[in-house]
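Asks: Input: one structure, supplied below.
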Amino acid sequence: MIVLGIESSCDETAASIVKDGYNVLSNVIYSQADLHAQYGGVIPEVAARLHLSKIKHTVQKAVQEASLNFSQIDGIAVTETPGLLPALLVGTSFSKGLANTLEIPLVGVNHIISHIYSSFLGDNFKVLADSNSFPILSLVVSGGHTLLVLIDEQFHCKIIGRTIDDAAGEAYDKAAKLLGLSYPGGPEIDKMAKLGNGKAVSFPRALTGRSGKNQNEHKFNFSFSGVKTSLFYHLKKSPLQNQQDLNDNAASFQEAVVDVLVEKAFLAVEEYDCKTITVSGGVACNSRLKERLQETAEIKNTKLLISEPKYCTDNAAMIAGLGFHLLSSNKNGKNLSIIPRFQYNDEHSFS
Ligand code: KG4
Ligand code: ZN
């Protein structure tokens, strides 16, 4: 089945053609990040206008790069929720029009679940067919979300932990701003941290055993606003003197965030006896996070799947991949009543 995926929930206009849920034939991403950089973040109205100006060309390019024509597409999957409403509206409206014209089914896809699905694109698709892979623990670390999700053999997804304030990527972006680095800050901090000492400054590890506040209620939850505030006060007290100072602050901040992510993820792996752990979302590109996850997964004998960098940040291959399952299960059929939504439930399914 050939599925066209369309993504416009934030600052990437993306379209992709995926065959049978795993074989990515094209993956076109037009990023608005440079344009939003001047404001230090994404402005929904500006994002929507940019999506509108790029979406037709992006979709045409995805079909062309897959060496197909529109008549060969079997269905369309589009991000329905969550995201910036004006931005989502562009993708969903365009998709409705196209599905109607081509007379093919359309499904609305949850952006977060599709981030999880990005770990199963390509060869990793096999993992889903192997009952020994389950249960799966999925860590989603993006600019807007930090979640721990449990997936059972029926592909039923249950959110067991989330951030109670800032998302991990958001914390990176805010910390980068405090350090005078540009948006998006994650890759910048990652780069500087490689040359810094992660033990130079002691930042808090909120809601972990170490903080003494790992009560059951927040066992699998995260909190990243404290580490950012702590960096703010540290910089007030000890302003950056030179590049090494900057590197050390970046490395120490990163170490605190990564420590918490790895600790909580493996706490959940242990508690639910998970056989596989997947990691997706923009922060999954982080080199230190990957290193620490690999070390720990080896020790704990857990299969680790980290999404490929091109599928970590927002893309439409993950939308088309997940859309394949929804279209195949035929639950949604021809659904032209998709309405972008802010809200989503704690329980979901791939199919
Ligand atoms: O998944 P994504 O596109 O965002 C949402 O859908 O919400 O990820 C963007 C986020 C940004 O916050 C960016 O700073 C972060 O991912 N990011 C990174 C790295 N690359 C991107 N954070 C840490 N290290 C990186 N190498
Ligand atoms: Zn995303």
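All residue names refer to the structure tokens as shown: chains lettered A, B, ... in order, residues numbered from 1 in each chain, ligands numbered from 1 in order.
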May I ask you to write as a PyMOL selection string all residues lying at most 9 Å from ligand 1, with only C-alpha atoms and all ligand atoms counted?
Replies: chain A and resi 9-12+83+111-112+115+140-145+167-174+176+183-191+254+280-289+309+311-315
Asks: Looking only at the backbone, which of the residues in stretch 169-230 of chain A does DSSP tag as alpha helix (DSSP H), as a list in words?
Replies: Gly169, Glu170, Ala171, Tyr172, Asp173, Lys174, Ala175, Ala176, Lys177, Leu178, Gly185, Gly186, Pro187, Glu188, Ile189, Asp190, Lys191, Met192, Ala193, Ser225, Gly226, Val227, Lys228, Thr229 and Ser230 of chain A
Asks: Between atom CA of A:Ser95 and atom CA of A:Ala316, what is the distance, to one decimal in Å?
Replies: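 Computing it gives 12.7 Å between the two atoms.
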Asks: Looking at A:Gly321, A:Gly21, A:Gly5, A:Gly108, which one is nearest to A:Gln60, with distances taken over only C-alpha atoms?
Replies: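 Ranking A:Gly321, A:Gly21, A:Gly5, A:Gly108 by distance to A:Gln60, first place goes to A:Gly5.
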Asks: Name all residues at most 12 Å from A:Gly97 (count only C-alpha atoms; drop same-chain ones fewer than 2 positions away) and give them as a PyMOL selection string.
Replies: chain A and resi 56+76+90-95+99-106+335-338
Asks: Residues of stretch 43-146 of chain A classed as strand (DSSP E) by DSSP on the backbone are to be reported as an MDAnalysis selection string.
Replies: chainID A and resid 75:81 106:110 136:141 146
